[in-house]
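Next up, entry.cif (mmCIF, C-alpha atoms):
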```cif
data_work
loop_
_atom_site.group_PDB
_atom_site.id
_atom_site.type_symbol
_atom_site.label_atom_id
_atom_site.label_comp_id
_atom_site.auth_asym_id
_atom_site.auth_seq_id
_atom_site.Cartn_x
_atom_site.Cartn_y
_atom_site.Cartn_z
ATOM 1 C CA MET P 1 -77.507 -11.593 -2.808
ATOM 2 C CA PRO P 2 -73.794 -12.311 -2.937
ATOM 3 C CA GLY P 3 -71.884 -9.981 -5.296
ATOM 4 C CA CYS P 4 -74.687 -7.401 -5.365
ATOM 5 C CA VAL P 5 -74.303 -3.851 -4.018
ATOM 6 C CA THR P 6 -77.210 -2.427 -2.046
ATOM 7 C CA ARG P 7 -78.487 1.099 -2.624
ATOM 8 C CA ARG P 8 -77.183 2.158 0.792
ATOM 9 C CA GLU P 9 -73.665 0.815 0.033
ATOM 10 C CA LEU P 10 -73.758 2.553 -3.347
ATOM 11 C CA PHE P 11 -74.573 5.904 -1.729
ATOM 12 C CA LYS P 12 -71.679 5.362 0.661
ATOM 13 C CA LYS P 13 -69.228 4.835 -2.254
ATOM 14 C CA ILE P 14 -70.324 7.907 -4.265
ATOM 15 C CA PRO P 15 -68.620 10.525 -1.995
ATOM 16 C CA ARG P 16 -65.367 8.579 -2.111
ATOM 17 C CA PHE P 17 -65.546 8.344 -5.896
ATOM 18 C CA LEU P 18 -66.223 12.074 -6.255
ATOM 19 C CA ALA P 19 -63.358 12.905 -3.894
ATOM 20 C CA ALA P 20 -60.984 10.762 -5.964
ATOM 21 C CA VAL P 21 -62.059 12.507 -9.183
ATOM 22 C CA CYS P 22 -61.602 15.960 -7.618
ATOM 23 C CA LEU P 23 -58.169 15.140 -6.211
ATOM 24 C CA MET P 24 -56.843 13.552 -9.401
ATOM 25 C CA PRO P 25 -55.679 16.880 -10.970
ATOM 26 C CA PHE P 26 -53.908 17.723 -7.714
ATOM 27 C CA PHE P 27 -51.856 14.545 -7.838
ATOM 28 C CA HIS P 28 -51.010 15.108 -11.501
ATOM 29 C CA THR P 29 -49.927 18.661 -10.674
ATOM 30 C CA LYS P 30 -47.833 17.396 -7.799
ATOM 31 C CA GLN P 31 -46.134 14.836 -10.046
ATOM 32 C CA ALA P 32 -45.489 17.476 -12.725
ATOM 33 C CA THR P 33 -44.037 19.817 -10.110
ATOM 34 C CA ALA P 34 -41.809 17.033 -8.827
ATOM 35 C CA LYS P 35 -40.579 16.380 -12.381
ATOM 36 C CA LYS P 36 -39.935 20.087 -12.837
ATOM 37 C CA ILE P 37 -37.924 20.219 -9.624
ATOM 38 C CA ILE P 38 -35.973 17.118 -10.614
ATOM 39 C CA GLY P 39 -35.262 18.685 -14.010
ATOM 40 C CA THR P 40 -34.000 21.842 -12.332
ATOM 41 C CA ASP P 41 -31.737 19.801 -10.072
ATOM 42 C CA GLU P 42 -30.377 17.954 -13.087
ATOM 43 C CA ARG P 43 -29.593 21.236 -14.804
ATOM 44 C CA MET P 44 -27.988 22.547 -11.639
ATOM 45 C CA ASN P 45 -25.651 19.534 -11.698
ATOM 46 C CA HIS P 46 -24.372 20.828 -15.050
ATOM 47 C CA ARG P 47 -23.537 24.266 -13.662
ATOM 48 C CA MET P 48 -19.927 25.036 -12.850
ATOM 49 C CA ASN P 49 -19.328 27.970 -10.534
ATOM 50 C CA LEU P 50 -16.314 29.874 -11.853
ATOM 51 C CA PRO P 51 -13.405 31.279 -9.812
ATOM 52 C CA LYS P 52 -13.915 34.854 -8.711
ATOM 53 C CA PRO P 53 -12.499 37.255 -11.343
ATOM 54 C CA ARG P 54 -9.409 39.301 -10.500
ATOM 55 C CA LEU P 55 -9.721 43.068 -10.668
ATOM 56 C CA ILE P 56 -5.984 43.838 -10.733
ATOM 57 C CA GLY P 57 -3.747 42.377 -13.432
ATOM 58 C CA SER P 58 -0.087 42.521 -14.364
ATOM 59 C CA VAL P 59 -0.594 44.135 -17.803
ATOM 60 C CA SER P 60 -1.784 47.721 -18.268
ATOM 61 C CA VAL P 61 -4.661 48.643 -20.554
ATOM 62 C CA GLU P 62 -2.179 50.581 -22.719
ATOM 63 C CA GLU P 63 0.065 47.528 -23.158
ATOM 64 C CA ALA P 64 -2.898 45.300 -23.996
ATOM 65 C CA ILE P 65 -4.095 47.765 -26.651
ATOM 66 C CA LYS P 66 -0.613 48.117 -28.151
ATOM 67 C CA HIS P 67 0.045 44.374 -28.452
ATOM 68 C CA ARG P 68 -3.442 43.187 -29.407
ATOM 69 C CA ARG P 69 -3.453 41.323 -32.711
ATOM 70 C CA THR P 70 -5.771 38.926 -34.524
ATOM 71 C CA ILE P 71 -4.096 35.512 -34.258
ATOM 72 C CA ARG P 72 -4.916 32.425 -36.346
ATOM 73 C CA SER P 73 -2.353 29.937 -35.054
ATOM 74 C CA TYR P 74 -2.604 28.270 -31.646
ATOM 75 C CA LEU P 75 -0.844 25.739 -29.452
ATOM 76 C CA SER P 76 -2.772 22.702 -28.212
ATOM 77 C CA ARG P 77 -2.013 23.795 -24.648
ATOM 78 C CA PRO P 78 -5.168 24.052 -22.484
ATOM 79 C CA ILE P 79 -6.109 27.191 -20.597
ATOM 80 C CA SER P 80 -7.089 27.264 -16.919
ATOM 81 C CA THR P 81 -10.560 27.674 -15.421
ATOM 82 C CA GLU P 82 -9.287 30.930 -13.911
ATOM 83 C CA GLN P 83 -8.504 32.229 -17.407
ATOM 84 C CA LEU P 84 -11.897 31.123 -18.726
ATOM 85 C CA SER P 85 -13.530 32.839 -15.750
ATOM 86 C CA GLN P 86 -11.682 36.056 -16.519
ATOM 87 C CA LEU P 87 -12.623 35.946 -20.213
ATOM 88 C CA PHE P 88 -16.309 35.388 -19.437
ATOM 89 C CA TRP P 89 -16.256 38.200 -16.877
ATOM 90 C CA ALA P 90 -14.575 40.615 -19.309
ATOM 91 C CA ALA P 91 -17.229 39.763 -21.892
ATOM 92 C CA GLN P 92 -20.403 40.039 -19.820
ATOM 93 C CA GLY P 93 -19.535 39.905 -16.117
ATOM 94 C CA LYS P 94 -21.288 41.971 -13.482
ATOM 95 C CA THR P 95 -19.246 44.968 -12.371
ATOM 96 C CA GLU P 96 -21.616 46.469 -9.820
ATOM 97 C CA ASP P 97 -21.779 45.062 -6.283
ATOM 98 C CA GLY P 98 -25.396 44.262 -5.559
ATOM 99 C CA GLY P 99 -26.428 45.632 -8.946
ATOM 100 C CA TYR P 100 -26.740 44.451 -12.521
ATOM 101 C CA LYS P 101 -24.371 46.617 -14.606
ATOM 102 C CA ARG P 102 -21.978 44.602 -16.771
ATOM 103 C CA SER P 103 -18.500 44.912 -18.229
ATOM 104 C CA SER P 104 -19.742 45.994 -21.682
ATOM 105 C CA PRO P 105 -22.098 48.910 -22.380
ATOM 106 C CA SER P 106 -25.591 48.027 -23.549
ATOM 107 C CA GLY P 107 -28.355 50.191 -25.035
ATOM 108 C CA GLY P 108 -30.839 50.933 -22.258
ATOM 109 C CA ALA P 109 -28.957 48.415 -20.063
ATOM 110 C CA LEU P 110 -31.154 45.726 -21.653
ATOM 111 C CA TYR P 111 -28.306 43.236 -22.252
ATOM 112 C CA PRO P 112 -29.597 41.199 -25.217
ATOM 113 C CA MET P 113 -26.310 39.292 -25.468
ATOM 114 C CA ASP P 114 -25.284 35.769 -24.485
ATOM 115 C CA VAL P 115 -21.742 34.408 -24.594
ATOM 116 C CA TYR P 116 -21.021 30.726 -25.232
ATOM 117 C CA ALA P 117 -17.764 28.814 -24.979
ATOM 118 C CA VAL P 118 -17.064 25.986 -27.419
ATOM 119 C CA VAL P 119 -14.583 23.995 -25.338
ATOM 120 C CA GLY P 120 -12.462 21.323 -26.985
ATOM 121 C CA ASP P 121 -11.029 18.100 -25.585
ATOM 122 C CA ASN P 122 -8.388 19.107 -23.048
ATOM 123 C CA GLY P 123 -9.232 22.710 -23.851
ATOM 124 C CA VAL P 124 -9.850 23.960 -20.311
ATOM 125 C CA HIS P 125 -8.417 22.318 -17.189
ATOM 126 C CA GLY P 126 -11.179 20.697 -15.148
ATOM 127 C CA LEU P 127 -13.862 21.174 -17.808
ATOM 128 C CA ASN P 128 -15.146 18.501 -20.164
ATOM 129 C CA ALA P 129 -15.480 19.258 -23.861
ATOM 130 C CA GLY P 130 -18.804 20.859 -24.714
ATOM 131 C CA ILE P 131 -20.817 24.023 -25.210
ATOM 132 C CA TYR P 132 -21.143 26.249 -22.139
ATOM 133 C CA ARG P 133 -23.280 29.363 -21.729
ATOM 134 C CA TYR P 134 -22.068 32.068 -19.389
ATOM 135 C CA ASP P 135 -24.422 32.976 -16.542
ATOM 136 C CA PRO P 136 -23.375 36.505 -15.484
ATOM 137 C CA HIS P 137 -25.777 36.628 -12.542
ATOM 138 C CA ASN P 138 -24.086 33.697 -10.808
ATOM 139 C CA HIS P 139 -20.716 33.904 -12.583
ATOM 140 C CA ALA P 140 -21.082 30.303 -13.698
ATOM 141 C CA ALA P 141 -20.727 28.155 -16.826
ATOM 142 C CA LEU P 142 -23.877 26.233 -17.791
ATOM 143 C CA LEU P 143 -23.442 23.071 -19.855
ATOM 144 C CA VAL P 144 -25.582 23.157 -23.009
ATOM 145 C CA THR P 145 -24.164 20.338 -25.148
ATOM 146 C CA GLU P 146 -21.487 17.738 -24.451
ATOM 147 C CA GLY P 147 -18.681 16.891 -26.850
ATOM 148 C CA ASP P 148 -15.945 18.596 -28.873
ATOM 149 C CA ILE P 149 -17.618 20.315 -31.846
ATOM 150 C CA ARG P 150 -14.841 22.763 -32.770
ATOM 151 C CA LEU P 151 -14.448 21.124 -36.179
ATOM 152 C CA ASP P 152 -18.181 21.467 -36.841
ATOM 153 C CA VAL P 153 -18.111 25.156 -35.902
ATOM 154 C CA ALA P 154 -15.112 25.696 -38.183
ATOM 155 C CA ARG P 155 -16.813 23.905 -41.102
ATOM 156 C CA VAL P 156 -19.950 26.068 -40.887
ATOM 157 C CA SER P 157 -17.664 29.116 -40.730
ATOM 158 C CA TYR P 158 -16.747 28.672 -44.402
ATOM 159 C CA SER P 159 -14.259 25.938 -43.450
ATOM 160 C CA GLN P 160 -11.860 28.223 -41.586
ATOM 161 C CA MET P 161 -10.252 25.176 -39.995
ATOM 162 C CA TRP P 162 -7.655 27.190 -38.070
ATOM 163 C CA MET P 163 -10.457 27.985 -35.616
ATOM 164 C CA ALA P 164 -10.596 24.347 -34.491
ATOM 165 C CA ARG P 165 -6.979 24.426 -33.306
ATOM 166 C CA ALA P 166 -7.759 26.930 -30.536
ATOM 167 C CA PRO P 167 -8.669 25.258 -27.211
ATOM 168 C CA LEU P 168 -11.938 27.191 -27.152
ATOM 169 C CA ASN P 169 -14.075 29.468 -29.286
ATOM 170 C CA LEU P 170 -16.168 32.173 -27.644
ATOM 171 C CA VAL P 171 -19.431 32.790 -29.515
ATOM 172 C CA ILE P 172 -21.221 36.106 -28.985
ATOM 173 C CA THR P 173 -24.948 35.945 -29.678
ATOM 174 C CA SER P 174 -27.873 38.343 -29.475
ATOM 175 C CA GLU P 175 -31.526 37.759 -28.663
ATOM 176 C CA TYR P 176 -32.790 40.826 -30.493
ATOM 177 C CA ARG P 177 -36.249 40.920 -28.970
ATOM 178 C CA ARG P 178 -34.756 41.846 -25.589
ATOM 179 C CA ILE P 179 -33.711 45.204 -27.035
ATOM 180 C CA THR P 180 -36.110 45.762 -29.952
ATOM 181 C CA ILE P 181 -38.978 45.727 -27.455
ATOM 182 C CA LYS P 182 -37.794 49.227 -26.498
ATOM 183 C CA TYR P 183 -35.948 50.533 -29.556
ATOM 184 C CA GLY P 184 -37.720 48.778 -32.411
ATOM 185 C CA SER P 185 -35.609 47.741 -35.407
ATOM 186 C CA ARG P 186 -32.926 50.216 -34.302
ATOM 187 C CA GLY P 187 -32.247 47.861 -31.407
ATOM 188 C CA GLU P 188 -30.581 45.380 -33.776
ATOM 189 C CA ARG P 189 -27.934 47.987 -34.569
ATOM 190 C CA TYR P 190 -27.394 48.618 -30.857
ATOM 191 C CA ALA P 191 -26.916 44.870 -30.304
ATOM 192 C CA MET P 192 -24.266 44.735 -33.023
ATOM 193 C CA ILE P 193 -22.457 47.684 -31.467
ATOM 194 C CA GLU P 194 -22.583 45.851 -28.137
ATOM 195 C CA ALA P 195 -21.074 42.751 -29.760
ATOM 196 C CA GLY P 196 -18.123 44.900 -30.865
ATOM 197 C CA HIS P 197 -17.571 46.121 -27.315
ATOM 198 C CA ILE P 198 -17.656 42.543 -26.013
ATOM 199 C CA GLY P 199 -15.240 41.372 -28.697
ATOM 200 C CA GLN P 200 -12.712 44.082 -27.838
ATOM 201 C CA ASN P 201 -13.006 43.289 -24.127
ATOM 202 C CA ILE P 202 -12.213 39.646 -24.893
ATOM 203 C CA PHE P 203 -9.221 40.656 -27.030
ATOM 204 C CA LEU P 204 -7.748 42.890 -24.322
ATOM 205 C CA GLN P 205 -8.434 40.429 -21.520
ATOM 206 C CA ALA P 206 -6.829 37.605 -23.512
ATOM 207 C CA GLU P 207 -3.747 39.758 -24.070
ATOM 208 C CA ALA P 208 -3.561 40.581 -20.353
ATOM 209 C CA LEU P 209 -3.718 36.846 -19.541
ATOM 210 C CA GLY P 210 -0.886 35.933 -21.906
ATOM 211 C CA LEU P 211 -3.358 34.452 -24.395
ATOM 212 C CA ARG P 212 -4.157 35.343 -27.992
ATOM 213 C CA ALA P 213 -7.473 35.736 -29.785
ATOM 214 C CA GLY P 214 -8.831 35.749 -33.313
ATOM 215 C CA ILE P 215 -12.147 37.013 -34.619
ATOM 216 C CA VAL P 216 -14.560 35.544 -37.163
ATOM 217 C CA GLY P 217 -17.670 37.112 -38.664
ATOM 218 C CA ALA P 218 -18.037 34.810 -41.679
ATOM 219 C CA PHE P 219 -20.290 31.861 -40.873
ATOM 220 C CA HIS P 220 -23.724 30.428 -41.611
ATOM 221 C CA ASP P 221 -25.855 31.684 -38.729
ATOM 222 C CA LYS P 222 -28.440 28.899 -38.698
ATOM 223 C CA ASP P 223 -25.774 26.212 -39.016
ATOM 224 C CA VAL P 224 -23.856 27.615 -36.044
ATOM 225 C CA ILE P 225 -27.062 27.452 -33.990
ATOM 226 C CA ARG P 226 -27.714 23.918 -35.231
ATOM 227 C CA VAL P 227 -24.306 22.415 -34.492
ATOM 228 C CA MET P 228 -24.097 24.137 -31.110
ATOM 229 C CA LYS P 229 -27.705 23.152 -30.239
ATOM 230 C CA ILE P 230 -28.391 26.528 -28.665
ATOM 231 C CA ASN P 231 -31.550 28.637 -28.415
ATOM 232 C CA ARG P 232 -32.775 29.406 -31.947
ATOM 233 C CA LEU P 233 -33.411 33.015 -30.949
ATOM 234 C CA HIS P 234 -29.727 33.515 -30.043
ATOM 235 C CA GLU P 235 -28.342 34.977 -33.264
ATOM 236 C CA PRO P 236 -24.545 34.486 -33.550
ATOM 237 C CA LEU P 237 -22.727 37.735 -34.326
ATOM 238 C CA LEU P 238 -19.042 36.999 -33.657
ATOM 239 C CA ILE P 239 -16.840 34.002 -32.924
ATOM 240 C CA LEU P 240 -13.512 34.497 -31.141
ATOM 241 C CA PRO P 241 -11.061 31.586 -30.988
ATOM 242 C CA VAL P 242 -8.833 31.968 -27.897
ATOM 243 C CA GLY P 243 -5.686 30.180 -26.714
ATOM 244 C CA TYR P 244 -1.917 30.336 -26.513
ATOM 245 C CA GLY P 245 -0.379 31.655 -29.725
ATOM 246 C CA THR P 246 2.402 29.806 -31.518
#
```
Represent the supplied structure as structure tokens.
Amino acid sequence: MPGCVTRRELFKKIPRFLAAVCLMPFFHTKQATAKKIIGTDERMNHRMNLPKPRLIGSVSVEEAIKHRRTIRSYLSRPISTEQLSQLFWAAQGKTEDGGYKRSSPSGGALYPMDVYAVVGDNGVHGLNAGIYRYDPHNHAALLVTEGDIRLDVARVSYSQMWMARAPLNLVITSEYRRITIKYGSRGERYAMIEAGHIGQNIFLQAEALGLRAGIVGAFHDKDVIRVMKINRLHEPLLILPVGYGT
């Protein structure tokens, strides 16, 4: 009869149906993998490879130590990508060819720290305003959030509005679990000590580059994380505004 399916035709269709059901998860997995790859590519498009850091400067360590001061007044003049590269490298850059050792000492070489740059409009030549996380393994700046949020960072730092006049603020954070996994609660103290080392490196490097830096420890931790839209496990420990002093 027209429109009817015979038993033989039905048996012929069953294997095809079963094959389709079995292959369905494969196609979903393939699509998910494709989306994951696309997402990775999109993130890669937001990565800026930084200029190679210089290892010989024009200012001695002794001079940098002597002239280092905490500065709270800045010009609106932008800094260069080379200067940003040097600051990031001094903070957390790799210092071992083919290895993993970094510019600042870390308990057990566990490196629980991350360094972010809050870049303002016309703050760094060739870089749009936004939040960038330093990737020490590739010496690159990874875009986290677009836009100039210096005023927001200053407001959640007990309204220390002088911070917003610097072309960028470097934010030192710690993901404690990376170090407490070995040292327990004592690891939090080691992370704070490490933050101090990083802060001093930034101060001295800024001085050697003809820049000036300030340092801020008074802020609402959760609000800094919120306005910067960074990983909630990255606890802010220090904020260092950097730029040309007045």
Would you compute an axis-aligned box for region 57-68 of chain P, covering every atom listed for it in the file with 3 Å of margin on each side, and report centre and edge lengths in Å to one decimal as lines of an AutoDock Vina configuration file?
```
center_x = -2.3
center_y = 46.5
center_z = -21.4
size_x = 10.7
size_y = 14.2
size_z = 22.0
```
Q. Evaluating the PyMOL selection byres ((chain P and resi 204-209) around 12) on the displayed file yields which residues, as a VMD selection string?
A. chain P and resid 53 to 71 79 to 80 82 to 91 103 170 197 to 203 210 to 214 240 to 245
Q | Residues returned when the PyMOL selection byres ((chain P and resi 151-165) around 7) runs on this file, as JSON, numbers by chain | A | {"P": [72, 73, 74, 76, 149, 150, 166, 167, 218, 219, 220, 223, 224, 227, 241]}
Q: For the point (-24.6, 16.0, -24.2) in the file's frame, write as an MDAnalysis selection string all residues with an atom no more than 10 Å away, counting only C-alpha atoms.
A: chainID P and resid 129:131 143:147 229
Q.
Which residues, named as in the file, does the PyMOL selection byres ((chain P and resi 216) around 6) pick out? Answer as a PyMOL selection string.
A. chain P and resi 215+217-218+238-239
**Q.** Separation of CA of Met48 (chain P) from CA of Ala141 (chain P) in Å
**A.** 5.1 Å
Q: Could you give me, as a PyMOL selection string, the residues that have an atom at most 12 Å away from the point (-21.2, 43.9, -15.6) in the coordinates of the file, using all atoms listed in the file?
A: chain P and resi 53+88-106+109-111+135-139+198+201
Selection file, C-alpha atoms, as a PDB file, keeping the file's coordinate frame:
```
ATOM      1  CA  PRO P  53     -12.499  37.255 -11.343  1.00  0.00           C
ATOM      2  CA  PHE P  88     -16.309  35.388 -19.437  1.00  0.00           C
ATOM      3  CA  TRP P  89     -16.256  38.200 -16.877  1.00  0.00           C
ATOM      4  CA  ALA P  90     -14.575  40.615 -19.309  1.00  0.00           C
ATOM      5  CA  ALA P  91     -17.229  39.763 -21.892  1.00  0.00           C
ATOM      6  CA  GLN P  92     -20.403  40.039 -19.820  1.00  0.00           C
ATOM      7  CA  GLY P  93     -19.535  39.905 -16.117  1.00  0.00           C
ATOM      8  CA  LYS P  94     -21.288  41.971 -13.482  1.00  0.00           C
ATOM      9  CA  THR P  95     -19.246  44.968 -12.371  1.00  0.00           C
ATOM     10  CA  GLU P  96     -21.616  46.469  -9.820  1.00  0.00           C
ATOM     11  CA  ASP P  97     -21.779  45.062  -6.283  1.00  0.00           C
ATOM     12  CA  GLY P  98     -25.396  44.262  -5.559  1.00  0.00           C
ATOM     13  CA  GLY P  99     -26.428  45.632  -8.946  1.00  0.00           C
ATOM     14  CA  TYR P 100     -26.740  44.451 -12.521  1.00  0.00           C
ATOM     15  CA  LYS P 101     -24.371  46.617 -14.606  1.00  0.00           C
ATOM     16  CA  ARG P 102     -21.978  44.602 -16.771  1.00  0.00           C
ATOM     17  CA  SER P 103     -18.500  44.912 -18.229  1.00  0.00           C
ATOM     18  CA  SER P 104     -19.742  45.994 -21.682  1.00  0.00           C
ATOM     19  CA  PRO P 105     -22.098  48.910 -22.380  1.00  0.00           C
ATOM     20  CA  SER P 106     -25.591  48.027 -23.549  1.00  0.00           C
ATOM     21  CA  ALA P 109     -28.957  48.415 -20.063  1.00  0.00           C
ATOM     22  CA  LEU P 110     -31.154  45.726 -21.653  1.00  0.00           C
ATOM     23  CA  TYR P 111     -28.306  43.236 -22.252  1.00  0.00           C
ATOM     24  CA  ASP P 135     -24.422  32.976 -16.542  1.00  0.00           C
ATOM     25  CA  PRO P 136     -23.375  36.505 -15.484  1.00  0.00           C
ATOM     26  CA  HIS P 137     -25.777  36.628 -12.542  1.00  0.00           C
ATOM     27  CA  ASN P 138     -24.086  33.697 -10.808  1.00  0.00           C
ATOM     28  CA  HIS P 139     -20.716  33.904 -12.583  1.00  0.00           C
ATOM     29  CA  ILE P 198     -17.656  42.543 -26.013  1.00  0.00           C
ATOM     30  CA  ASN P 201     -13.006  43.289 -24.127  1.00  0.00           C
TER      31      ASN P 201
END
```
**Q.** Interatomic distance, CA of Asn169 (chain P) to CA of Ala117 (chain P) (Å, one decimal)
**A.**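 These two atoms are separated by 5.7 Å.
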Q: Please provide the set of residues having any atom within 8 Å of Leu142 (chain P), restricted to only C-alpha atoms, with same-chain residues fewer than 5 positions apart removed, written as a count of residues only.
A: 7
Q: Using all atoms listed in the file, pick whichever of P:Arg189, P:His234, P:Arg226, P:His125 has the shortest atom-to-atom distance to Ile172 (chain P).
A: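 Checking each candidate against Ile172 (chain P), we get P:His234 as the closest.
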**Q.** Top pick for closest residue to Met113 (chain P), considering P:Gly126, P:Gly184, P:Pro236, P:Pro78 and counting all atoms listed in the file
**A.** P:Pro236
